Structures are given as C-alpha cells and as structure tokens.
Protein chains: 4
Amino acid sequence: MKIGLIGFGKTGRAVASVILGNTDFCLEWVLRKTEKLENRSASEFLGLQSDDPGIIHSTENLDINSFLTENPVDFIIDFALPDTICQYGEIAAKRNIGIISAISHYADSEKKLLKTLSETTKVFWSPNITLGVNYLLFAGKFLKKIAPWVDIVVIEEHFKQKTGISGTAIKIAEALDINESEINSVRAGGMVGKHEVIFGFPYQTVRLIHESISREAFGNGVIFVAQNLSGKSKGLYNFEDILLPYFTLENQN
Amino acid sequence: MKIGLIGFGKTGRAVASVILGNTDFCLEWVLRKTEKLENRSASEFLGLQSDDPGIIHSTENLDINSFLTENPVDFIIDFALPDTICQYGEIAAKRNIGIISAISHYADSEKKLLKTLSETTKVFWSPNITLGVNYLLFAGKFLKKIAPWVDIVVIEEHFKQKTGISGTAIKIAEALDINESEINSVRAGGMVGKHEVIFGFPYQTVRLIHESISREAFGNGVIFVAQNLSGKSKGLYNFEDILLPYFTLENQN
Amino acid sequence: MKIGLIGFGKTGRAVASVILGNTDFCLEWVLRKTEKLENRSASEFLGLQSDDPGIIHSTENLDINSFLTENPVDFIIDFALPDTICQYGEIAAKRNIGIISAISHYADSEKKLLKTLSETTKVFWSPNITLGVNYLLFAGKFLKKIAPWVDIVVIEEHFKQKTGISGTAIKIAEALDINESEINSVRAGGMVGKHEVIFGFPYQTVRLIHESISREAFGNGVIFVAQNLSGKSKGLYNFEDILLPYFTLENQN
Amino acid sequence: MKIGLIGFGKTGRAVASVILGNTDFCLEWVLRKTEKLENRSASEFLGLQSDDPGIIHSTENLDINSFLTENPVDFIIDFALPDTICQYGEIAAKRNIGIISAISHYADSEKKLLKTLSETTKVFWSPNITLGVNYLLFAGKFLKKIAPWVDIVVIEEHFKQKTGISGTAIKIAEALDINESEINSVRAGGMVGKHEVIFGFPYQTVRLIHESISREAFGNGVIFVAQNLSGKSKGLYNFEDILLPYFTLENQN
C-alpha cells in the first residue's frame, strides 16, 4: 500500500519510522511546510534501512495537483496542522485517495470539509490514533453500558511540566459521561503518559490502564487503520467504526 | 422476582445477604444439606433487616417436588455441590423454574443434564458469576481478536496459603489462548484476589485488572444475571450470552 | 505479657482477636463504656478459641484504681475516646503500667497529660498504629531527605461514601512537607483503603504503596509496639522511635 | 567539579548528556576504545549546548599517564568494560583522582584491584548506579529487618526480547534474602523496566516500585554519588555507604 505522509514533526517522524519498517506499506513521500530537509529521504534522515523512496518535500514549492499526479498514493496520512486539509483535501478526494487524519482538534469548518470529502473517498479521523487508547475508550463504554450505575474515576499521569488535563483523559470522561472533576491529574518528574480508568463496584474493582511507551504507537495505529479501511467504501469513519466489526456475533467463539 | 437459594456456605451466605438487601428480589427459601440452622430465617441468621421469608431448610427432610409446589420461585440459584443439580434439576425444569448455577466444576454427566434441562427451561451456568471477572474475559478476548499478535501475560495475586494457580487465571488463559506458563502466581500474606492481564504492544501497554473486595460480588452477579435472563426464553446460557446484547450496533452511540 | 484493652468498637475487637491469637500475649480484660456485653469474655463473643480471661467490663460500674490492683497488666492498649486517658492515665502510670494509645486526635490538654505521664511510665502514641503506614512514612521521609527536590504526589483510594481526605494521607503530606493539593482522593464503589506515594524523578519513578486488608493490622501493630517497648525505660515514644533502632550502623550488613 | 568519562556507549552518552547539562560539573574529556568520533566534542555530537570541553579520545592513541597530567580531573566515571580499570586505575589513584565505577560485573582480580586502589584514593562501585534502584534496595532491607517473617515477592517487567531474570531483580533477591523462585519475570511488547517488591503481611500489603524512564537516570546517579563523595576521604564505597549518613539520628526531625 502506497502512503504519503503530511507533517514531519516529532510524531510524524515516529510514524514515518514505523511505515518504513513495514514491508506491506511503502512510504512514497513526505510533505511538510518548512523547506528544511528538502529532497532528503526520510529513511536517510532517520538513520533507517529501507527501499521506500520517502523523499521529503516542502508544500511551499509544490503544486499539489500535479504532485499527486506524478506521485500517486493509496492513503494520505495527516499529522500536520488542522487547516492543511484545506490544501490537499479536495484534490486527494477527486483522485479517490483515502485520507487518514490524526489531527487533535479541527475547527467546525474543517469537520464539515471532512464530511464533504467523505462523499467522494474514504475519510478517517481520530484525534488519538493509537490502538490502546481507542480500545480503552471502547471497552470502557461497554462496561458503562452494562453497569450504568458504577462509580468511575480517571487517573492520568504525565511529566511535571505538562499543563492542563490531558486531552485523552477529557475524551475518556466524555465517552463515559463523567465530570472532569472525576479526573485526577498527577504531574511528577519525567513520568511517561499513563491513563487509568477505575470502575468501582460495591464488592469488586475493575481497572483499565493504558501506558504509553513511545510515539511510534501512532505509527502502528495508522497501519492498523489503513489495513482495516482498505476493504471499505467511501464514507466518514472513526476508530470505533474500525473496532466494531471485530465484535460481531459470528466472530464470537 | 422470587428466588430460591441452594447452598449456604460462605459464598451462599454472601449471596443471600445481597438478595435480602435488594427490593426487586425476594429470597423465598434457602436449601442446604445439613440440618443446622433448620427453620431459622436467613435474614435473622445474618443479622439483616428484611421482609423476605428466606427460611432455611435441610434437603435431608424434604420432598423437593412437593416443596416446590408449596414454595414456587422464578429462579433457583445454585451455590451447592456439583451433583445437587441431579436432585432438583428435572423437577425445577418441569415447573419452568429458571436455574442459575455458579458451580465451579461439573462432571460431563452434569453438563449433559444442564443441556437437557435447557430444552425445557432457562438454564444459566457460569463457574465465576461475578460481573467483573466476566467483563475481563470478554474485554480481553476482544482485544486479542483485534491484535492477535499481542504479547499477553497474566499476574494473579492471592494470600500465601492458596495452592495452585487460581481457577480464574486458568479461565483467562483459556479464553485468551495463552499457555499456563504465562501466568505468574504471586502468593504473599493476606492479599485479596487480584487478576491482572497485561497486553504488551511494541510502543504501548494495556492492562486489565480485576480486584476482589468480598464474596458479595457473587450476589450482585446473580442479580445481574437474573435480571438479564428474565426476558429470555428457554435455553442454555453463559455469561457471554448475557453481555453480548449490550454490544449490538444499535446500542452504540 | 499481660494486656488490658480499653475500647471495644470495630477496631478494638479486631485488636482483641489478634491478641487472643498470640501466645506471647494474654488479654487480661477489656474495658468499654457501655454495659452491653458486661462480663462476657472477648474470646467467646468473637467466637475464638483462647485461654485468656479477657472479661469485658463497663467503666460505668468500676473503680479503676481497685480494678487495676486486682487485675494488673503490663500494658494498657487504648482504642477508646480521646478523653478516656484522663480516667485511667495517672492511676496506670503510678503503677508503672505502659500505655499504648492509638487515638487519632488528642486535644492539647490530653497531649500534655501524655507528656506528664511519660515522666513516670512508658507512654506510646501513634494515630495510626499499623506497621505498614508507619513504614511508609519513615521510608518516604528518608527518600525526601536524600532527594529534597523530587516531585511528590499522593493518591489515596477509599470507598465512595468516605468524605474528606483520609487522615493517613494528611499525615503523609505533613511528613513529606507537601501541600494537600498534591493529594488525589479517589472514591469509588467499595474500594478498600490504599495509599500510594509517587516520587517523580526526571528519569525514573519510585512508588511506595500501602494497601489495607483488614482492621486486624492494628492488632499486629500493637503487638509490634509492645514487643519493642518492653526493654525501654519510661518516656514518650512514637512509631519512629520504635523503627529507628532497626537502622543503626551495626545492624547494617 | 572536573569529570572525565570512560566509556561512550548508549549509557555513557546518556551520562555525558546529564553532566553537560549540570553547571556544577564540567565534562573535561571522554575516553573510549574505538577511534570513531576522535577529537569531536561530546556536546556537539549529542546536539547539546555546553561550554564544557568534553573532547572524545580513543584509548588506542593515548598514553594515559601524560594524558592525565595534561587533563587533570577530580573524578573518573567508568562506564567502559570490566578490565578497563586495569589500564587507568593505578595512574588515577596515584594522582588522587576519585574513581566512580558503574560496571555491572567485575572479575575477582578486578575487585581486588578496586580494594588496593582504595588505599590511595576514593573508589566507589555500584553495579546499578541509579538513585531509585539503590533506594529500593535500602528501603526494602530495612522493612525486612523490621519484619523478618514477612512474605516477599518480586515482579520485574521488561520488553519481550529480554532473556533471563533482570540483574536488578537478582540483586533485590540477594539483598532481601529470598529465593530466585520468588521473582516473577514478565516479558511483553516494549515494556520499559519496572521492578516491584511486594511485602505481604497478614492484614496489609506494602509495595515498593521502581520504574525506569530513560538511561539518563544513571547520569543523575553519578552526580549524586560524586557530590556525596566529595567530602569523603580515601576508601572503598558502595551506594549504601552514601545513603546511610542521611539516616543518622540527628537528621531525624
């Protein structure tokens, strides 16, 4: 599967490294705003062995329309800025290129654009594209549905300097319909991200825990999504749409 | 809903206390082998306030057929010995009384009997009837289905004297298709039962944890099962059959 | 060692059960305010096998002076109300009976009385007399001394109905000189008491965790204290005074 | 304080980065076997801002005696191979340069050399030079001394490919005098190093947990050791010798 990656910050690079290391996927190119690294290859820059071309280009010097004609891909992976979709979205959709966006926050106009694009091609959006966090949301919602009365508390741990409640913790609170006051934000030292959801029953406790190890988790999430989208037709998808088919009755043994 | 309870050991008593405390359920009677406590009421013995009759009888002095005629119930809850089902099963099924069994291990002949009885009435069997453990099994199987390649390890903690691997840990290993060598049994002091399933991904870790607090969890499990069985027709059910309907597409928001 | 116990509430009973089960100690008597259970024995009431007399008396009907003459003990264990010390303190000190108090909060006048009594006999006071919590305080203070700059956060978990921050968490915050805002109080379901102290370093994290199992932990704490006080001379002691001798240079290997 | 670093593998580099970032310490030079990186500076190679010289030299081209004459330091930090001490030890000791070694395993002859060198200068050796792990060992031994009968179990978690029991877990088992059979080695995915020591009491549980975040922890350990050694006279020291003075009676408040 041919992949084009837009955005090459810390997370974009980690995603690139995972795609470069997966033989089922080929990183055709990387697009980014700045002209730094122009024409270098992602694998050379990251110090990885790979046959993928993965040449880095700046969007400043590029006509996206002719670029996509000369460098066609199956999916565009978007780890850039929210409004980048406005630059490439329609051109990609017209060519039936699938769009996988991991942008954290979109403006309403951008969400509307995603909806419009999804009438022409496959469009996937998840503000956190890791398998683990999305599983946590899914499994947590399920337990809440079984036991709507259960007490739910969230503990999230991050490094000292991180300000505000983590975005993932807020998403968990929304998904489980609990107040933000039930989120405990722990900040100390260099702690790596951890999210724990406690389900307190009268006579037993269930805990769902997600621990981040590194940003490459986003790359594996992208690959999981791309593989699961490949058989699907045009439309707007989120992570739950991808997970749900694993849960149909005929799959249960 | 009228409940008859068979078995009044430590767990049976805890289950009785939960049923006595729930106004949607009425503990009609308790049956047990020994004649100790004969004709005392469960609520008086347990020191609980309740209007439920809950009189304790010994099976030694009883004709079960005429007993069930005079003391009809909607469900029989079985926390007795594996072969007790042979004494009351057919008589109960004939009267269309639902059977909820929490027996840990049945012989093949008893499993066959359950199957036969289920052609006449509702029969439910779960070796561990707590909501939390069954949720863990269910949620764990789902994650394994999404990511069959993930590394799975189980840690179970119990008090020092407990010998052998915990039955629940073995069930988890079976459900997730991992070797018993992947179960770590920790024994120290008076630790209360804890089961942790670790799903190790390359760049993230997911942990599902169940902590027991007290045996009353079995009582809440019984109530959950009885409520969810009440609309169902005859047949043989396990806990997964009860959980699955919460997961249908139309329930997802 | 002969023990007299004052106070026979939930914790007092648990402490009595541990003393009754320890052959190095003899529970001579129990004193409590109410006349309920008057003249019954603690072991009979608790359903335990023991040769200890352990007769229960009400302080209402008693002249403490003559009672202690007829029923001498080595230590009085106080799990009663804060002002109970005023009733028996001087009489006990005069007889050189050691006093072990586990009262949570004393008024200033009562603390002063303890100080005065300690000029005559051994007086020990710890608001939480479990070995585990006191070890946590001790080990935590030590780490803070080694690394005064480390980030410290406390998470305490208790059952849903518990209001306010736990007293133990407040003690931890005082001992480690952190703000109460660094305490996260988690309340859900029937969770049993857990205290976790997180020490966040830039590149590593240390966690000290104490999990309660049952109130009998207070009984074992009492026994540990009594054993360690037995060689000591008159004076006022706290738990740290008991732990510190284990730490002298000659004990290190 | 002037520091010379011997060894520049993964851990050596992480240690260099911490020293370069600490204004109380100056990284004078780095020695390593290979000629790669010869004459580059550690800060330039690591992409860090620093005024420290920190020039990298190969031991192949060097007369250590004249090198130390021209490039004197207060401490040599050794993250090289076990037998490297034989090359520089006597020369350094003669010049009264302190030696801080973080070598995991020394042969008996090398241990003997350390002993001999310590008659002339300060020699420190710790197979794991992080503050956290050494605190865990220290605090664990203390609890074991208080409660020698307590049940102790170790759980250590690492990435799937790690073979054998972790060296730190073995050290913990030795320090606490428990069998290796009480160590549970969990291997899954990309899990970062975690060591948990469980102390199981009858009615309560204490857990001491160390979680690694990154190798820079070794650098902070080196700095802690160097600061604490600076006032000390010649002799052979280990981490416990450094921690113990924090624990003297007069330090207790």
# chains A, B, ... in the order shown; residues from 1 in each chain; ligands from 1
>>> calpha_fit_and_write(fixed="chain B", moving="chain D", output="mmCIF file with C-alpha atoms, in the first residue's frame")
data_model
loop_
_atom_site.group_PDB
_atom_site.id
_atom_site.type_symbol
_atom_site.label_atom_id
_atom_site.label_comp_id
_atom_site.auth_asym_id
_atom_site.auth_seq_id
_atom_site.Cartn_x
_atom_site.Cartn_y
_atom_site.Cartn_z
ATOM 1 C CA MET D 1 -38.750 -11.877 41.410
ATOM 2 C CA LYS D 2 -38.911 -14.894 43.709
ATOM 3 C CA ILE D 3 -35.615 -16.594 44.418
ATOM 4 C CA GLY D 4 -34.755 -19.920 45.996
ATOM 5 C CA LEU D 5 -31.136 -20.425 47.053
ATOM 6 C CA ILE D 6 -29.480 -23.825 47.236
ATOM 7 C CA GLY D 7 -26.221 -23.880 49.200
ATOM 8 C CA PHE D 8 -25.480 -21.787 52.286
ATOM 9 C CA GLY D 9 -21.708 -21.906 52.762
ATOM 10 C CA LYS D 10 -19.595 -18.733 52.915
ATOM 11 C CA THR D 11 -20.437 -17.695 49.363
ATOM 12 C CA GLY D 12 -24.080 -18.776 49.635
ATOM 13 C CA ARG D 13 -24.482 -16.564 52.696
ATOM 14 C CA ALA D 14 -22.925 -13.573 50.968
ATOM 15 C CA VAL D 15 -25.265 -14.108 48.017
ATOM 16 C CA ALA D 16 -28.251 -14.376 50.393
ATOM 17 C CA SER D 17 -27.297 -11.089 52.044
ATOM 18 C CA VAL D 18 -27.249 -9.285 48.678
ATOM 19 C CA ILE D 19 -30.631 -10.730 47.632
ATOM 20 C CA LEU D 20 -32.142 -9.843 51.012
ATOM 21 C CA GLY D 21 -30.937 -6.267 50.544
ATOM 22 C CA ASN D 22 -32.475 -5.904 47.061
ATOM 23 C CA THR D 23 -36.138 -4.911 46.988
ATOM 24 C CA ASP D 24 -36.675 -6.207 43.432
ATOM 25 C CA PHE D 25 -35.915 -9.719 44.620
ATOM 26 C CA CYS D 26 -37.470 -11.840 47.331
ATOM 27 C CA LEU D 27 -35.506 -14.673 48.944
ATOM 28 C CA GLU D 28 -38.260 -17.245 49.367
ATOM 29 C CA TRP D 29 -36.200 -20.013 50.905
ATOM 30 C CA VAL D 30 -32.747 -21.500 51.377
ATOM 31 C CA LEU D 31 -31.995 -25.195 50.945
ATOM 32 C CA ARG D 32 -28.864 -26.824 52.307
ATOM 33 C CA LYS D 33 -27.709 -30.331 53.150
ATOM 34 C CA THR D 34 -27.064 -30.055 56.876
ATOM 35 C CA GLU D 35 -29.930 -29.717 59.347
ATOM 36 C CA LYS D 36 -28.072 -26.991 61.246
ATOM 37 C CA LEU D 37 -30.036 -23.724 61.151
ATOM 38 C CA GLU D 38 -33.209 -25.670 60.162
ATOM 39 C CA ASN D 39 -36.224 -23.369 60.158
ATOM 40 C CA ARG D 40 -34.265 -20.246 61.107
ATOM 41 C CA SER D 41 -34.578 -17.399 58.644
ATOM 42 C CA ALA D 42 -31.586 -16.281 56.578
ATOM 43 C CA SER D 43 -32.119 -12.627 57.474
ATOM 44 C CA GLU D 44 -32.246 -13.331 61.214
ATOM 45 C CA PHE D 45 -29.157 -15.554 61.002
ATOM 46 C CA LEU D 46 -27.239 -12.934 59.011
ATOM 47 C CA GLY D 47 -28.384 -10.095 61.257
ATOM 48 C CA LEU D 48 -30.097 -8.233 58.412
ATOM 49 C CA GLN D 49 -33.411 -6.383 58.250
ATOM 50 C CA SER D 50 -35.695 -7.875 55.567
ATOM 51 C CA ASP D 51 -39.316 -8.849 54.967
ATOM 52 C CA ASP D 52 -38.313 -11.808 52.795
ATOM 53 C CA PRO D 53 -39.275 -15.169 54.336
ATOM 54 C CA GLY D 54 -35.966 -16.861 53.474
ATOM 55 C CA ILE D 55 -36.507 -19.858 55.765
ATOM 56 C CA ILE D 56 -33.600 -22.310 55.834
ATOM 57 C CA HIS D 57 -34.419 -25.986 55.218
ATOM 58 C CA SER D 58 -32.356 -29.137 55.040
ATOM 59 C CA THR D 59 -32.684 -31.252 51.898
ATOM 60 C CA GLU D 60 -32.502 -34.287 54.183
ATOM 61 C CA ASN D 61 -36.082 -33.852 55.400
ATOM 62 C CA LEU D 62 -37.644 -32.633 52.212
ATOM 63 C CA ASP D 63 -39.598 -33.919 49.255
ATOM 64 C CA ILE D 64 -38.409 -31.420 46.645
ATOM 65 C CA ASN D 65 -41.401 -31.959 44.411
ATOM 66 C CA SER D 66 -44.005 -31.019 46.995
ATOM 67 C CA PHE D 67 -41.678 -28.358 48.443
ATOM 68 C CA LEU D 68 -41.563 -26.545 45.088
ATOM 69 C CA THR D 69 -45.341 -26.883 44.763
ATOM 70 C CA GLU D 70 -45.822 -25.126 48.059
ATOM 71 C CA ASN D 71 -42.921 -22.713 47.638
ATOM 72 C CA PRO D 72 -42.765 -21.709 43.970
ATOM 73 C CA VAL D 73 -39.951 -19.426 42.743
ATOM 74 C CA ASP D 74 -38.880 -17.818 39.470
ATOM 75 C CA PHE D 75 -35.216 -18.793 39.774
ATOM 76 C CA ILE D 76 -33.197 -21.308 41.700
ATOM 77 C CA ILE D 77 -29.679 -20.110 42.464
ATOM 78 C CA ASP D 78 -27.247 -22.996 42.907
ATOM 79 C CA PHE D 79 -24.145 -22.502 45.088
ATOM 80 C CA ALA D 80 -24.247 -26.076 46.399
ATOM 81 C CA LEU D 81 -22.269 -29.140 45.274
ATOM 82 C CA PRO D 82 -21.921 -30.242 41.609
ATOM 83 C CA ASP D 83 -24.284 -33.184 41.932
ATOM 84 C CA THR D 84 -27.050 -31.241 43.682
ATOM 85 C CA ILE D 85 -28.440 -30.382 40.242
ATOM 86 C CA CYS D 86 -29.393 -34.070 39.906
ATOM 87 C CA GLN D 87 -31.727 -33.752 42.894
ATOM 88 C CA TYR D 88 -33.728 -30.726 41.831
ATOM 89 C CA GLY D 89 -32.984 -30.144 38.143
ATOM 90 C CA GLU D 90 -35.776 -32.076 36.427
ATOM 91 C CA ILE D 91 -38.396 -31.107 38.995
ATOM 92 C CA ALA D 92 -37.499 -27.440 38.606
ATOM 93 C CA ALA D 93 -37.372 -27.584 34.804
ATOM 94 C CA LYS D 94 -40.797 -29.234 34.643
ATOM 95 C CA ARG D 95 -42.182 -26.282 36.597
ATOM 96 C CA ASN D 96 -40.383 -23.851 34.266
ATOM 97 C CA ILE D 97 -38.234 -22.506 37.081
ATOM 98 C CA GLY D 98 -35.073 -20.863 35.752
ATOM 99 C CA ILE D 99 -31.798 -22.311 37.011
ATOM 100 C CA ILE D 100 -28.746 -20.141 37.687
ATOM 101 C CA SER D 101 -25.744 -22.247 38.610
ATOM 102 C CA ALA D 102 -22.427 -20.920 39.910
ATOM 103 C CA ILE D 103 -20.807 -24.323 40.365
ATOM 104 C CA SER D 104 -17.060 -24.209 39.586
ATOM 105 C CA HIS D 105 -16.648 -27.675 38.067
ATOM 106 C CA TYR D 106 -19.282 -30.044 36.711
ATOM 107 C CA ALA D 107 -18.736 -33.629 35.652
ATOM 108 C CA ASP D 108 -19.586 -34.370 32.031
ATOM 109 C CA SER D 109 -22.813 -36.118 33.062
ATOM 110 C CA GLU D 110 -23.907 -32.998 34.919
ATOM 111 C CA LYS D 111 -23.083 -30.766 31.981
ATOM 112 C CA LYS D 112 -25.203 -33.062 29.838
ATOM 113 C CA LEU D 113 -28.065 -32.754 32.323
ATOM 114 C CA LEU D 114 -27.829 -28.944 32.122
ATOM 115 C CA LYS D 115 -28.142 -29.249 28.352
ATOM 116 C CA THR D 116 -31.185 -31.493 28.642
ATOM 117 C CA LEU D 117 -32.854 -29.239 31.209
ATOM 118 C CA SER D 118 -32.293 -26.251 28.925
ATOM 119 C CA GLU D 119 -34.697 -27.773 26.423
ATOM 120 C CA THR D 120 -37.465 -27.197 28.963
ATOM 121 C CA THR D 121 -36.422 -24.074 30.922
ATOM 122 C CA LYS D 122 -33.796 -21.316 31.119
ATOM 123 C CA VAL D 123 -30.510 -22.698 32.394
ATOM 124 C CA PHE D 124 -27.524 -20.446 33.098
ATOM 125 C CA TRP D 125 -24.104 -21.635 34.175
ATOM 126 C CA SER D 126 -20.984 -19.653 34.980
ATOM 127 C CA PRO D 127 -18.128 -21.050 37.076
ATOM 128 C CA ASN D 128 -17.390 -17.495 38.278
ATOM 129 C CA ILE D 129 -20.538 -15.447 38.373
ATOM 130 C CA THR D 130 -19.044 -12.013 39.144
ATOM 131 C CA LEU D 131 -19.599 -9.234 36.648
ATOM 132 C CA GLY D 132 -16.014 -8.049 36.908
ATOM 133 C CA VAL D 133 -14.253 -11.293 36.040
ATOM 134 C CA ASN D 134 -16.628 -11.992 33.157
ATOM 135 C CA TYR D 135 -16.152 -8.476 31.834
ATOM 136 C CA LEU D 136 -12.387 -9.028 32.000
ATOM 137 C CA LEU D 137 -12.684 -12.239 29.977
ATOM 138 C CA PHE D 138 -14.932 -10.558 27.437
ATOM 139 C CA ALA D 139 -12.884 -7.378 27.038
ATOM 140 C CA GLY D 140 -9.670 -9.385 26.916
ATOM 141 C CA LYS D 141 -10.931 -11.673 24.146
ATOM 142 C CA PHE D 142 -11.975 -8.631 22.168
ATOM 143 C CA LEU D 143 -8.504 -7.070 22.379
ATOM 144 C CA LYS D 144 -6.930 -10.375 21.402
ATOM 145 C CA LYS D 145 -9.207 -10.513 18.361
ATOM 146 C CA ILE D 146 -8.180 -7.006 17.320
ATOM 147 C CA ALA D 147 -4.490 -7.683 17.886
ATOM 148 C CA PRO D 148 -3.870 -11.430 17.728
ATOM 149 C CA TRP D 149 -0.103 -10.930 17.748
ATOM 150 C CA VAL D 150 0.022 -9.018 21.032
ATOM 151 C CA ASP D 151 2.058 -10.446 23.940
ATOM 152 C CA ILE D 152 -0.221 -11.448 26.821
ATOM 153 C CA VAL D 153 0.869 -12.138 30.393
ATOM 154 C CA VAL D 154 -1.284 -12.760 33.467
ATOM 155 C CA ILE D 155 -0.364 -11.874 37.060
ATOM 156 C CA GLU D 156 -2.637 -13.198 39.774
ATOM 157 C CA GLU D 157 -2.155 -12.356 43.438
ATOM 158 C CA HIS D 158 -3.635 -14.225 46.404
ATOM 159 C CA PHE D 159 -2.924 -14.964 50.054
ATOM 160 C CA LYS D 160 0.152 -17.051 50.887
ATOM 161 C CA GLN D 161 -1.682 -20.293 51.675
ATOM 162 C CA LYS D 162 -3.516 -20.566 48.351
ATOM 163 C CA THR D 163 -2.071 -23.498 46.440
ATOM 164 C CA GLY D 164 -2.034 -23.908 42.686
ATOM 165 C CA ILE D 165 -2.869 -21.417 39.985
ATOM 166 C CA SER D 166 -6.174 -19.633 40.556
ATOM 167 C CA GLY D 167 -9.121 -21.067 38.605
ATOM 168 C CA THR D 168 -9.937 -17.631 37.250
ATOM 169 C CA ALA D 169 -6.400 -17.216 35.908
ATOM 170 C CA ILE D 170 -6.684 -20.552 34.150
ATOM 171 C CA LYS D 171 -9.982 -19.436 32.605
ATOM 172 C CA ILE D 172 -8.330 -16.217 31.435
ATOM 173 C CA ALA D 173 -5.481 -18.188 29.865
ATOM 174 C CA GLU D 174 -7.970 -20.450 28.067
ATOM 175 C CA ALA D 175 -10.079 -17.548 26.836
ATOM 176 C CA LEU D 176 -7.006 -15.704 25.514
ATOM 177 C CA ASP D 177 -5.343 -18.852 24.214
ATOM 178 C CA ILE D 178 -2.065 -18.427 26.083
ATOM 179 C CA ASN D 179 0.007 -21.024 27.900
ATOM 180 C CA GLU D 180 -0.247 -21.485 31.641
ATOM 181 C CA SER D 181 3.462 -20.654 31.705
ATOM 182 C CA GLU D 182 2.421 -17.068 31.011
ATOM 183 C CA ILE D 183 0.578 -16.952 34.345
ATOM 184 C CA ASN D 184 2.554 -15.527 37.260
ATOM 185 C CA SER D 185 1.078 -16.626 40.581
ATOM 186 C CA VAL D 186 2.063 -14.301 43.408
ATOM 187 C CA ARG D 187 1.425 -15.518 46.960
ATOM 188 C CA ALA D 188 2.133 -13.311 49.948
ATOM 189 C CA GLY D 189 0.557 -12.520 53.295
ATOM 190 C CA GLY D 190 -3.181 -12.002 53.293
ATOM 191 C CA MET D 191 -3.513 -10.490 49.834
ATOM 192 C CA VAL D 192 -7.052 -10.416 48.481
ATOM 193 C CA GLY D 193 -7.622 -11.831 44.982
ATOM 194 C CA LYS D 194 -6.285 -9.729 42.126
ATOM 195 C CA HIS D 195 -6.029 -10.654 38.439
ATOM 196 C CA GLU D 196 -4.068 -8.510 36.002
ATOM 197 C CA VAL D 197 -3.868 -9.166 32.267
ATOM 198 C CA ILE D 198 -1.021 -7.349 30.529
ATOM 199 C CA PHE D 199 -1.217 -6.759 26.774
ATOM 200 C CA GLY D 200 2.259 -5.748 25.660
ATOM 201 C CA PHE D 201 2.385 -3.835 22.367
ATOM 202 C CA PRO D 202 5.661 -2.591 20.938
ATOM 203 C CA TYR D 203 5.046 1.038 21.887
ATOM 204 C CA GLN D 204 2.255 0.908 24.454
ATOM 205 C CA THR D 205 0.882 -1.366 27.172
ATOM 206 C CA VAL D 206 -2.724 -2.115 28.112
ATOM 207 C CA ARG D 207 -3.591 -3.631 31.482
ATOM 208 C CA LEU D 208 -6.960 -5.059 32.540
ATOM 209 C CA ILE D 209 -7.189 -5.527 36.299
ATOM 210 C CA HIS D 210 -9.819 -7.137 38.493
ATOM 211 C CA GLU D 211 -9.611 -6.771 42.263
ATOM 212 C CA SER D 212 -11.940 -8.721 44.526
ATOM 213 C CA ILE D 213 -13.233 -6.970 47.616
ATOM 214 C CA SER D 214 -15.659 -9.518 49.078
ATOM 215 C CA ARG D 215 -17.852 -12.515 48.237
ATOM 216 C CA GLU D 216 -20.920 -10.308 47.962
ATOM 217 C CA ALA D 217 -19.710 -9.698 44.388
ATOM 218 C CA PHE D 218 -21.196 -13.100 43.573
ATOM 219 C CA GLY D 219 -24.568 -11.880 44.835
ATOM 220 C CA ASN D 220 -24.498 -8.856 42.558
ATOM 221 C CA GLY D 221 -23.534 -11.149 39.700
ATOM 222 C CA VAL D 222 -26.549 -13.369 40.395
ATOM 223 C CA ILE D 223 -28.870 -10.353 40.390
ATOM 224 C CA PHE D 224 -27.386 -9.089 37.124
ATOM 225 C CA VAL D 225 -27.858 -12.493 35.515
ATOM 226 C CA ALA D 226 -31.404 -12.956 36.806
ATOM 227 C CA GLN D 227 -32.443 -9.517 35.534
ATOM 228 C CA ASN D 228 -30.965 -10.195 32.106
ATOM 229 C CA LEU D 229 -32.439 -13.680 31.858
ATOM 230 C CA SER D 230 -35.950 -12.616 32.776
ATOM 231 C CA GLY D 231 -36.949 -11.670 29.225
ATOM 232 C CA LYS D 232 -35.273 -14.680 27.634
ATOM 233 C CA SER D 233 -36.817 -17.962 26.548
ATOM 234 C CA LYS D 234 -35.656 -21.486 27.454
ATOM 235 C CA GLY D 235 -32.113 -22.432 26.517
ATOM 236 C CA LEU D 236 -28.591 -22.803 27.889
ATOM 237 C CA TYR D 237 -26.812 -19.524 28.612
ATOM 238 C CA ASN D 238 -23.384 -18.477 29.836
ATOM 239 C CA PHE D 239 -22.141 -15.057 30.921
ATOM 240 C CA GLU D 240 -21.001 -14.098 27.455
ATOM 241 C CA ASP D 241 -24.535 -14.619 26.149
ATOM 242 C CA ILE D 242 -25.701 -12.113 28.744
ATOM 243 C CA LEU D 243 -23.056 -9.507 27.932
ATOM 244 C CA LEU D 244 -23.201 -9.698 24.141
ATOM 245 C CA PRO D 245 -26.565 -7.944 23.621
ATOM 246 C CA TYR D 246 -25.119 -4.812 25.293
ATOM 247 C CA PHE D 247 -22.820 -4.682 22.355
ATOM 248 C CA THR D 248 -25.088 -4.653 19.340
ATOM 249 C CA LEU D 249 -24.720 -1.938 16.766
ATOM 250 C CA GLU D 250 -27.910 -0.106 17.665
ATOM 251 C CA ASN D 251 -26.671 0.287 21.229
ATOM 252 C CA GLN D 252 -23.605 2.168 20.081
ATOM 253 C CA ASN D 253 -23.747 5.950 20.241
#
>>> select_by_dssp(residues="range 23-252 of chain A", states="strand (DSSP E or B)", output="NGL selection string")
:A and (26-32 or 41 or 55-58 or 75-78 or 98-101 or 122-125 or 151-158 or 183-187 or 194-200 or 204-212 or 235-237)
>>> select_by_dssp(residues="range 35-182 of chain C", states="alpha helix (DSSP H)", output="PyMOL selection string")
chain C and resi 42-46+64-70+84-94+108-117+131-146+167-176
